[in-house]
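Engineer: What follows is my_file-v4.cif; its format and atoms are mmCIF, C-alpha atoms; chains and numbers go by the auth columns.
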data_entry
loop_
_atom_site.group_PDB
_atom_site.id
_atom_site.type_symbol
_atom_site.label_atom_id
_atom_site.label_comp_id
_atom_site.label_asym_id
_atom_site.label_seq_id
_atom_site.Cartn_x
_atom_site.Cartn_y
_atom_site.Cartn_z
_atom_site.B_iso_or_equiv
_atom_site.auth_seq_id
_atom_site.auth_asym_id
ATOM 1 C CA MET A 1 0.000 0.000 0.000 0.00 1 L
ATOM 2 C CA GLY A 2 2.930 2.330 0.235 0.00 2 L
ATOM 3 C CA ARG A 3 4.539 4.141 3.112 0.00 3 L
ATOM 4 C CA ARG A 4 2.464 5.408 5.977 0.00 4 L
ATOM 5 C CA HIS A 5 2.727 8.610 7.910 0.00 5 L
ATOM 6 C CA LEU A 6 4.037 7.766 11.376 0.00 6 L
ATOM 7 C CA ARG A 7 1.648 10.189 13.083 0.00 7 L
ATOM 8 C CA ALA A 8 -1.468 9.046 11.190 0.00 8 L
ATOM 9 C CA THR A 9 -4.117 7.383 13.333 0.00 9 L
ATOM 10 C CA SER A 10 -4.509 4.592 10.780 0.00 10 L
ATOM 11 C CA SER A 11 -0.792 3.741 10.709 0.00 11 L
ATOM 12 C CA ASP A 12 -0.828 1.821 13.957 0.00 12 L
ATOM 13 C CA GLU A 13 -1.918 -1.782 14.234 0.00 13 L
ATOM 14 C CA HIS A 14 -5.293 -1.232 15.888 0.00 14 L
ATOM 15 C CA ARG A 15 -7.772 1.315 17.210 0.00 15 L
ATOM 16 C CA ILE A 16 -10.521 1.025 19.814 0.00 16 L
ATOM 17 C CA ILE A 17 -14.029 1.439 18.493 0.00 17 L
ATOM 18 C CA ARG A 18 -16.688 2.204 21.057 0.00 18 L
ATOM 19 C CA SER A 19 -19.865 4.261 21.292 0.00 19 L
ATOM 20 C CA ALA A 20 -19.516 5.837 24.747 0.00 20 L
ATOM 21 C CA HIS A 21 -18.886 9.552 24.492 0.00 21 L
ATOM 22 C CA GLY A 22 -20.788 11.213 27.321 0.00 22 L
ATOM 23 C CA THR A 23 -23.938 12.992 26.189 0.00 23 L
ATOM 24 C CA ASP A 24 -22.829 13.125 22.534 0.00 24 L
ATOM 25 C CA ARG A 25 -25.574 11.171 20.760 0.00 25 L
ATOM 26 C CA TYR A 26 -24.102 11.936 17.343 0.00 26 L
ATOM 27 C CA TYR A 27 -20.765 10.349 18.218 0.00 27 L
ATOM 28 C CA ALA A 28 -22.496 7.282 19.653 0.00 28 L
ATOM 29 C CA ARG A 29 -24.631 6.794 16.531 0.00 29 L
ATOM 30 C CA TRP A 30 -21.749 7.473 14.140 0.00 30 L
ATOM 31 C CA ALA A 31 -19.434 5.077 15.960 0.00 31 L
ATOM 32 C CA ARG A 32 -22.127 2.428 15.834 0.00 32 L
ATOM 33 C CA ARG A 33 -22.719 3.042 12.139 0.00 33 L
ATOM 34 C CA ALA A 34 -18.973 2.927 11.415 0.00 34 L
ATOM 35 C CA LEU A 35 -18.709 -0.380 13.268 0.00 35 L
ATOM 36 C CA ARG A 36 -21.509 -1.903 11.162 0.00 36 L
ATOM 37 C CA HIS A 37 -19.748 -0.737 7.988 0.00 37 L
ATOM 38 C CA TRP A 38 -16.436 -2.252 9.104 0.00 38 L
ATOM 39 C CA GLU A 39 -18.203 -5.541 9.889 0.00 39 L
ATOM 40 C CA ARG A 40 -19.844 -5.528 6.449 0.00 40 L
ATOM 41 C CA PHE A 41 -16.531 -4.737 4.741 0.00 41 L
ATOM 42 C CA ALA A 42 -14.783 -7.519 6.659 0.00 42 L
ATOM 43 C CA ASP A 43 -17.392 -10.008 5.414 0.00 43 L
ATOM 44 C CA GLU A 44 -17.370 -8.646 1.861 0.00 44 L
ATOM 45 C CA TRP A 45 -13.571 -8.593 1.568 0.00 45 L
ATOM 46 C CA ASN A 46 -13.001 -11.732 3.667 0.00 46 L
ATOM 47 C CA VAL A 47 -10.492 -9.888 5.857 0.00 47 L
ATOM 48 C CA PRO A 48 -10.763 -9.953 9.671 0.00 48 L
ATOM 49 C CA LEU A 49 -10.982 -6.300 10.705 0.00 49 L
ATOM 50 C CA PHE A 50 -12.890 -6.148 13.998 0.00 50 L
ATOM 51 C CA TYR A 51 -12.555 -8.044 17.276 0.00 51 L
ATOM 52 C CA ALA A 52 -15.434 -7.657 19.738 0.00 52 L
ATOM 53 C CA SER A 53 -13.538 -7.698 23.009 0.00 53 L
ATOM 54 C CA GLY A 54 -15.809 -5.249 24.794 0.00 54 L
ATOM 55 C CA VAL A 55 -14.648 -2.054 26.461 0.00 55 L
ATOM 56 C CA LEU A 56 -14.773 -1.469 30.222 0.00 56 L
ATOM 57 C CA TRP A 57 -14.783 2.088 31.565 0.00 57 L
ATOM 58 C CA PHE A 58 -14.073 2.870 35.218 0.00 58 L
ATOM 59 C CA ALA A 59 -16.083 5.679 36.802 0.00 59 L
ATOM 60 C CA SER A 60 -14.516 7.489 39.744 0.00 60 L
ATOM 61 C CA ALA A 61 -17.847 9.101 40.711 0.00 61 L
ATOM 62 C CA ALA A 62 -21.516 8.187 40.459 0.00 62 L
ATOM 63 C CA ALA A 63 -22.178 11.135 38.147 0.00 63 L
ATOM 64 C CA GLY A 64 -20.038 12.246 35.239 0.00 64 L
ATOM 65 C CA TRP A 65 -18.913 11.186 31.792 0.00 65 L
ATOM 66 C CA GLU A 66 -19.477 7.445 32.331 0.00 66 L
ATOM 67 C CA ALA A 67 -22.988 7.933 33.788 0.00 67 L
ATOM 68 C CA ASP A 68 -23.819 10.307 30.920 0.00 68 L
ATOM 69 C CA SER A 69 -22.499 7.724 28.462 0.00 69 L
ATOM 70 C CA GLU A 70 -24.657 5.029 30.010 0.00 70 L
ATOM 71 C CA ALA A 71 -27.812 7.152 29.695 0.00 71 L
ATOM 72 C CA THR A 72 -26.988 8.066 26.095 0.00 72 L
ATOM 73 C CA LEU A 73 -26.244 4.475 25.058 0.00 73 L
ATOM 74 C CA ARG A 74 -29.407 3.152 26.706 0.00 74 L
ATOM 75 C CA SER A 75 -31.517 5.829 25.017 0.00 75 L
ATOM 76 C CA LEU A 76 -30.110 4.722 21.647 0.00 76 L
ATOM 77 C CA GLY A 77 -30.555 1.005 22.331 0.00 77 L
ATOM 78 C CA ILE A 78 -26.817 0.329 22.315 0.00 78 L
ATOM 79 C CA PRO A 79 -25.945 -2.555 24.668 0.00 79 L
ATOM 80 C CA VAL A 80 -24.251 -1.406 27.862 0.00 80 L
ATOM 81 C CA GLU A 81 -23.901 -2.852 31.353 0.00 81 L
ATOM 82 C CA ARG A 82 -23.402 -0.985 34.620 0.00 82 L
ATOM 83 C CA LEU A 83 -21.308 -3.053 37.036 0.00 83 L
ATOM 84 C CA ASP A 84 -20.559 -2.405 40.681 0.00 84 L
ATOM 85 C CA PRO A 85 -16.991 -3.075 41.865 0.00 85 L
ATOM 86 C CA ALA A 86 -17.909 -6.552 43.173 0.00 86 L
ATOM 87 C CA ALA A 87 -19.347 -7.529 39.773 0.00 87 L
ATOM 88 C CA ILE A 88 -16.188 -6.279 38.058 0.00 88 L
ATOM 89 C CA SER A 89 -14.008 -8.413 40.351 0.00 89 L
ATOM 90 C CA ALA A 90 -16.253 -11.449 39.833 0.00 90 L
ATOM 91 C CA ARG A 91 -16.166 -11.182 36.033 0.00 91 L
ATOM 92 C CA TRP A 92 -12.513 -10.185 35.703 0.00 92 L
ATOM 93 C CA PRO A 93 -10.615 -11.479 38.774 0.00 93 L
ATOM 94 C CA VAL A 94 -7.340 -9.908 37.625 0.00 94 L
ATOM 95 C CA ILE A 95 -8.840 -6.398 37.817 0.00 95 L
ATOM 96 C CA ASP A 96 -8.861 -4.544 41.120 0.00 96 L
ATOM 97 C CA PRO A 97 -11.668 -1.970 40.891 0.00 97 L
ATOM 98 C CA ALA A 98 -10.656 -0.255 44.147 0.00 98 L
ATOM 99 C CA GLY A 99 -11.647 3.391 43.973 0.00 99 L
ATOM 100 C CA ALA A 100 -14.161 2.878 41.164 0.00 100 L
ATOM 101 C CA ALA A 101 -17.754 3.946 41.771 0.00 101 L
ATOM 102 C CA PHE A 102 -18.863 1.576 39.025 0.00 102 L
ATOM 103 C CA GLY A 103 -17.807 0.140 35.699 0.00 103 L
ATOM 104 C CA LEU A 104 -19.495 0.690 32.378 0.00 104 L
ATOM 105 C CA PHE A 105 -19.106 -2.218 29.969 0.00 105 L
ATOM 106 C CA GLU A 106 -19.831 -1.959 26.243 0.00 106 L
ATOM 107 C CA PRO A 107 -19.974 -5.648 25.208 0.00 107 L
ATOM 108 C CA GLU A 108 -20.156 -4.979 21.464 0.00 108 L
ATOM 109 C CA ALA A 109 -17.212 -2.558 21.418 0.00 109 L
ATOM 110 C CA GLY A 110 -13.720 -3.750 20.638 0.00 110 L
ATOM 111 C CA PHE A 111 -10.833 -3.001 18.359 0.00 111 L
ATOM 112 C CA LEU A 112 -10.334 -2.489 14.656 0.00 112 L
ATOM 113 C CA MET A 113 -7.238 -3.629 12.867 0.00 113 L
ATOM 114 C CA ALA A 114 -6.512 -0.123 11.550 0.00 114 L
ATOM 115 C CA ARG A 115 -3.544 -0.826 9.303 0.00 115 L
ATOM 116 C CA ARG A 116 -5.232 -3.912 7.850 0.00 116 L
ATOM 117 C CA GLY A 117 -8.454 -1.926 7.354 0.00 117 L
ATOM 118 C CA VAL A 118 -6.688 0.823 5.423 0.00 118 L
ATOM 119 C CA ALA A 119 -4.889 -1.724 3.233 0.00 119 L
ATOM 120 C CA ALA A 120 -8.148 -3.634 2.570 0.00 120 L
ATOM 121 C CA THR A 121 -9.974 -0.395 1.730 0.00 121 L
ATOM 122 C CA VAL A 122 -7.271 0.666 -0.738 0.00 122 L
ATOM 123 C CA ALA A 123 -7.280 -2.791 -2.344 0.00 123 L
ATOM 124 C CA ALA A 124 -11.089 -2.745 -2.736 0.00 124 L
ATOM 125 C CA PHE A 125 -10.908 0.776 -4.185 0.00 125 L
ATOM 126 C CA GLN A 126 -8.291 -0.341 -6.712 0.00 126 L
ATOM 127 C CA ARG A 127 -10.297 -3.469 -7.633 0.00 127 L
ATOM 128 C CA ALA A 128 -13.218 -1.139 -8.380 0.00 128 L
ATOM 129 C CA GLY A 129 -11.015 0.855 -10.785 0.00 129 L
ATOM 130 C CA GLY A 130 -9.802 3.604 -8.459 0.00 130 L
ATOM 131 C CA ALA A 131 -6.261 4.912 -8.452 0.00 131 L
ATOM 132 C CA TYR A 132 -4.359 5.292 -5.172 0.00 132 L
ATOM 133 C CA ALA A 133 -1.311 7.458 -4.686 0.00 133 L
ATOM 134 C CA LEU A 134 0.475 8.641 -1.585 0.00 134 L
ATOM 135 C CA ALA A 135 2.202 11.923 -2.320 0.00 135 L
ATOM 136 C CA ALA A 136 2.895 15.360 -0.967 0.00 136 L
ATOM 137 C CA VAL A 137 0.761 17.660 -3.117 0.00 137 L
ATOM 138 C CA ARG A 138 -0.397 21.213 -3.441 0.00 138 L
ATOM 139 C CA PRO A 139 -3.566 22.480 -5.130 0.00 139 L
ATOM 140 C CA GLY A 140 -3.291 22.826 -8.879 0.00 140 L
ATOM 141 C CA ARG A 141 -5.879 24.227 -11.228 0.00 141 L
ATOM 142 C CA SER A 142 -9.516 24.830 -10.333 0.00 142 L
ATOM 143 C CA ASP A 143 -12.546 25.960 -12.272 0.00 143 L
ATOM 144 C CA GLY A 144 -13.428 28.391 -9.490 0.00 144 L
ATOM 145 C CA HIS A 145 -15.723 25.884 -7.793 0.00 145 L
ATOM 146 C CA ARG A 146 -13.795 22.649 -7.646 0.00 146 L
ATOM 147 C CA LEU A 147 -10.256 21.374 -7.751 0.00 147 L
ATOM 148 C CA LEU A 148 -9.258 19.993 -11.148 0.00 148 L
ATOM 149 C CA ASP A 149 -5.802 18.719 -10.315 0.00 149 L
ATOM 150 C CA VAL A 150 -3.023 18.667 -7.726 0.00 150 L
ATOM 151 C CA VAL A 151 0.706 18.993 -8.246 0.00 151 L
ATOM 152 C CA ASP A 152 3.161 16.665 -6.517 0.00 152 L
ATOM 153 C CA GLN A 153 6.692 17.474 -5.372 0.00 153 L
ATOM 154 C CA ALA A 154 8.131 16.366 -8.716 0.00 154 L
ATOM 155 C CA GLY A 155 5.826 18.771 -10.590 0.00 155 L
ATOM 156 C CA ARG A 156 3.528 16.047 -11.967 0.00 156 L
ATOM 157 C CA ARG A 157 -0.139 16.986 -12.229 0.00 157 L
ATOM 158 C CA TRP A 158 -2.742 14.532 -10.928 0.00 158 L
ATOM 159 C CA SER A 159 -6.274 15.081 -12.179 0.00 159 L
ATOM 160 C CA ALA A 160 -9.420 13.398 -10.933 0.00 160 L
ATOM 161 C CA GLY A 161 -13.153 13.902 -10.659 0.00 161 L
ATOM 162 C CA THR A 162 -12.846 13.611 -6.896 0.00 162 L
ATOM 163 C CA PHE A 163 -9.891 13.962 -4.534 0.00 163 L
ATOM 164 C CA VAL A 164 -9.713 12.509 -1.034 0.00 164 L
ATOM 165 C CA PHE A 165 -7.289 14.172 1.378 0.00 165 L
ATOM 166 C CA ALA A 166 -7.036 11.915 4.422 0.00 166 L
ATOM 167 C CA ALA A 167 -5.319 14.257 6.850 0.00 167 L
ATOM 168 C CA GLY A 168 -6.705 12.457 9.915 0.00 168 L
ATOM 169 C CA PRO A 169 -8.548 13.690 12.998 0.00 169 L
ATOM 170 C CA GLY A 170 -5.471 15.249 14.583 0.00 170 L
ATOM 171 C CA PHE A 171 -4.430 17.298 11.542 0.00 171 L
ATOM 172 C CA ARG A 172 -3.429 20.771 12.621 0.00 172 L
ATOM 173 C CA SER A 173 -1.467 23.379 10.805 0.00 173 L
ATOM 174 C CA SER A 174 -0.384 26.883 11.673 0.00 174 L
ATOM 175 C CA SER A 175 0.446 27.430 8.008 0.00 175 L
ATOM 176 C CA PRO A 176 -1.853 29.735 6.047 0.00 176 L
ATOM 177 C CA ARG A 177 -1.498 27.050 3.360 0.00 177 L
ATOM 178 C CA PRO A 178 -2.019 23.769 5.285 0.00 178 L
ATOM 179 C CA TRP A 179 -1.384 21.678 2.188 0.00 179 L
ATOM 180 C CA ALA A 180 2.192 22.967 2.260 0.00 180 L
ATOM 181 C CA THR A 181 2.798 20.906 5.401 0.00 181 L
ATOM 182 C CA TRP A 182 1.655 17.601 3.901 0.00 182 L
#
With the file now loaded, output its structure as structure tokens.
Structural biologist:
Amino acid sequence: MGRRHLRATSSDEHRIIRSAHGTDRYYARWARRALRHWERFADEWNVPLFYASGVLWFASAAAGWEADSEATLRSLGIPVERLDPAAISARWPVIDPAGAAFGLFEPEAGFLMARRGVAATVAAFQRAGGAYALAAVRPGRSDGHRLLDVVDQAGRRWSAGTFVFAAGPGFRSSSPRPWATW
């Protein structure tokens, strides 16, 4: 698939996928939807991408982010269990929940094989006739409303009907021309 950017979130081996995010219903629904897509892709491409290990959150107080997450998940019908410290110890004897008010367990959460998922996505895109290139580029020509091409470091122009710039969730730039930092 080509080289990966060392700071890209998809360059590592795996990523946790879970729905808990406090009172943010949008995040919970989007995470759930993304998970269903990854499961469908894994079946379609015959590549294991998701492992349902569950995710256990420890709440230090009765009210707060974890309690808000529980209420949000329940309201959306997303499976979640609230466990007192004794139940945590009984289920996972190697965990000492001392100091926890409760645990919040998302049984259908788990981890995605991020690097494998990116490689499988690129391969499926290429099988469908798409072209993949990893390059440092800057905007090229536009028709005033859309980008017509980009120019790579060697001066080659890349044209396409659609461009995807996967800068990642942590992309930040202080440059007035953020593409210059790619």
Engineer: Please write as a list in words the full residue list that the PyMOL selection byres ((chain L and resi 120) around 10) yields on this file.
Structural biologist: Met1, Phe41, Ala42, Trp45, Asn46, Val47, Pro48, Leu49, Ala114, Arg115, Arg116, Gly117, Val118, Ala119, Thr121, Val122, Ala123, Ala124, Phe125 and Gln126 of chain L
Engineer: Quick one: pull the distance between CA of Gly64 in chain L and CA of Leu112 in chain L, Å, one decimal.
Structural biologist: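 Rounded to one decimal, the two atoms are 27.1 Å apart.
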Engineer: Rounded to one decimal place, report the CA of Phe102 in chain L-CA of His21 in chain L distance in Å.
Structural biologist: 16.6 Å
Engineer: Please compute the CA of Ile88 in chain L-CA of Ala101 in chain L distance, one decimal, in Å.
Structural biologist: 11.0 Å
Engineer: Closest to Ala31 in chain L among L:Ala52, L:Ile17, L:Arg127, L:Trp158, using all atoms listed in the file?
Structural biologist: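 Ranked by minimum distance to Ala31 in chain L, first place goes to L:Ile17.
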Engineer: So, with all atoms listed in the file as the atoms that count, which of L:Trp30, L:Trp38, L:Phe105, L:Phe50 lies closest to Asp84 in chain L?
Structural biologist: L:Phe105
Engineer: For Thr72 in chain L, which residue out of L:Asp24, L:Asp149, L:Asp43, L:Asp143 is the nearest one, using all atoms listed in the file?
Structural biologist: L:Asp24
Engineer: When the PyMOL selection byres ((chain L and resi 154) around 10) is applied to the structure above, which residues does it catch, written out as a list in words?
Structural biologist: Ala135, Ala136, Val137, Val151, Asp152, Gln153, Gly155, Arg156 and Arg157 of chain L
Engineer: With C-alpha atoms retained, write the just-selected residues as an mmCIF file, in the coordinates of the input.
Structural biologist:
data_model
loop_
_atom_site.group_PDB
_atom_site.id
_atom_site.type_symbol
_atom_site.label_atom_id
_atom_site.label_comp_id
_atom_site.auth_asym_id
_atom_site.auth_seq_id
_atom_site.Cartn_x
_atom_site.Cartn_y
_atom_site.Cartn_z
ATOM 1 C CA ALA L 135 2.202 11.923 -2.320
ATOM 2 C CA ALA L 136 2.895 15.360 -0.967
ATOM 3 C CA VAL L 137 0.761 17.660 -3.117
ATOM 4 C CA VAL L 151 0.706 18.993 -8.246
ATOM 5 C CA ASP L 152 3.161 16.665 -6.517
ATOM 6 C CA GLN L 153 6.692 17.474 -5.372
ATOM 7 C CA GLY L 155 5.826 18.771 -10.590
ATOM 8 C CA ARG L 156 3.528 16.047 -11.967
ATOM 9 C CA ARG L 157 -0.139 16.986 -12.229
#
Engineer: Write out as a PyMOL selection string the residues lying within 12 Å of Gly99 in chain L, counting only C-alpha atoms and excluding same-chain residues fewer than 4 positions away.
Structural biologist: chain L and resi 58-62+84-86+95+103
Engineer: Using all atoms listed in the file, can you tell me which of L:Leu104, L:Leu148, L:Val55, L:Ala34 comes closest to Glu81 in chain L?
Structural biologist: L:Leu104
Engineer: Because some atoms of range 60-82 of chain L are absent here, can you restore N, CA and C atoms and send them as an mmCIF file, in the coordinates of the input?
Structural biologist:
data_model
loop_
_atom_site.group_PDB
_atom_site.id
_atom_site.type_symbol
_atom_site.label_atom_id
_atom_site.label_comp_id
_atom_site.auth_asym_id
_atom_site.auth_seq_id
_atom_site.Cartn_x
_atom_site.Cartn_y
_atom_site.Cartn_z
ATOM 1 N N SER L 60 -15.018 7.137 38.414
ATOM 2 C CA SER L 60 -14.516 7.489 39.744
ATOM 3 C C SER L 60 -15.602 8.143 40.604
ATOM 4 N N ALA L 61 -16.732 8.483 39.982
ATOM 5 C CA ALA L 61 -17.847 9.101 40.711
ATOM 6 C C ALA L 61 -19.153 8.589 40.127
ATOM 7 N N ALA L 62 -20.219 8.673 40.910
ATOM 8 C CA ALA L 62 -21.516 8.187 40.459
ATOM 9 C C ALA L 62 -22.053 8.995 39.282
ATOM 10 N N ALA L 63 -21.741 10.279 39.251
ATOM 11 C CA ALA L 63 -22.178 11.135 38.147
ATOM 12 C C ALA L 63 -20.948 11.562 37.354
ATOM 13 N N GLY L 64 -21.148 11.805 36.081
ATOM 14 C CA GLY L 64 -20.038 12.246 35.239
ATOM 15 C C GLY L 64 -20.121 11.627 33.863
ATOM 16 N N TRP L 65 -18.989 11.631 33.173
ATOM 17 C CA TRP L 65 -18.913 11.186 31.792
ATOM 18 C C TRP L 65 -19.457 9.764 31.604
ATOM 19 N N GLU L 66 -19.046 8.842 32.474
ATOM 20 C CA GLU L 66 -19.477 7.445 32.331
ATOM 21 C C GLU L 66 -20.987 7.305 32.536
ATOM 22 N N ALA L 67 -21.538 7.982 33.547
ATOM 23 C CA ALA L 67 -22.988 7.933 33.788
ATOM 24 C C ALA L 67 -23.735 8.574 32.615
ATOM 25 N N ASP L 68 -23.211 9.678 32.095
ATOM 26 C CA ASP L 68 -23.819 10.307 30.920
ATOM 27 C C ASP L 68 -23.761 9.365 29.717
ATOM 28 N N SER L 69 -22.645 8.683 29.558
ATOM 29 C CA SER L 69 -22.499 7.724 28.462
ATOM 30 C C SER L 69 -23.522 6.607 28.591
ATOM 31 N N GLU L 70 -23.686 6.102 29.793
ATOM 32 C CA GLU L 70 -24.657 5.029 30.010
ATOM 33 C C GLU L 70 -26.060 5.473 29.586
ATOM 34 N N ALA L 71 -26.477 6.645 30.033
ATOM 35 C CA ALA L 71 -27.812 7.152 29.695
ATOM 36 C C ALA L 71 -27.964 7.324 28.181
ATOM 37 N N THR L 72 -26.940 7.859 27.541
ATOM 38 C CA THR L 72 -26.988 8.066 26.095
ATOM 39 C C THR L 72 -27.081 6.734 25.364
ATOM 40 N N LEU L 73 -26.236 5.775 25.728
ATOM 41 C CA LEU L 73 -26.244 4.475 25.058
ATOM 42 C C LEU L 73 -27.579 3.764 25.250
ATOM 43 N N ARG L 74 -28.104 3.786 26.451
ATOM 44 C CA ARG L 74 -29.407 3.152 26.706
ATOM 45 C C ARG L 74 -30.501 3.808 25.871
ATOM 46 N N SER L 75 -30.475 5.133 25.782
ATOM 47 C CA SER L 75 -31.517 5.829 25.017
ATOM 48 C C SER L 75 -31.454 5.486 23.534
ATOM 49 N N LEU L 76 -30.281 5.089 23.053
ATOM 50 C CA LEU L 76 -30.110 4.722 21.647
ATOM 51 C C LEU L 76 -30.219 3.217 21.410
ATOM 52 N N GLY L 77 -30.436 2.449 22.473
ATOM 53 C CA GLY L 77 -30.555 1.005 22.331
ATOM 54 C C GLY L 77 -29.233 0.303 22.091
ATOM 55 N N ILE L 78 -28.144 0.932 22.463
ATOM 56 C CA ILE L 78 -26.817 0.329 22.315
ATOM 57 C C ILE L 78 -26.506 -0.447 23.590
ATOM 58 N N PRO L 79 -26.189 -1.740 23.473
ATOM 59 C CA PRO L 79 -25.945 -2.555 24.668
ATOM 60 C C PRO L 79 -24.856 -1.976 25.571
ATOM 61 N N VAL L 80 -25.174 -1.913 26.856
ATOM 62 C CA VAL L 80 -24.251 -1.406 27.862
ATOM 63 C C VAL L 80 -24.639 -2.034 29.201
ATOM 64 N N GLU L 81 -23.653 -2.299 30.025
ATOM 65 C CA GLU L 81 -23.901 -2.852 31.353
ATOM 66 C C GLU L 81 -23.233 -1.958 32.397
ATOM 67 N N ARG L 82 -23.969 -1.711 33.480
ATOM 68 C CA ARG L 82 -23.402 -0.985 34.620
ATOM 69 C C ARG L 82 -23.054 -2.041 35.670
#
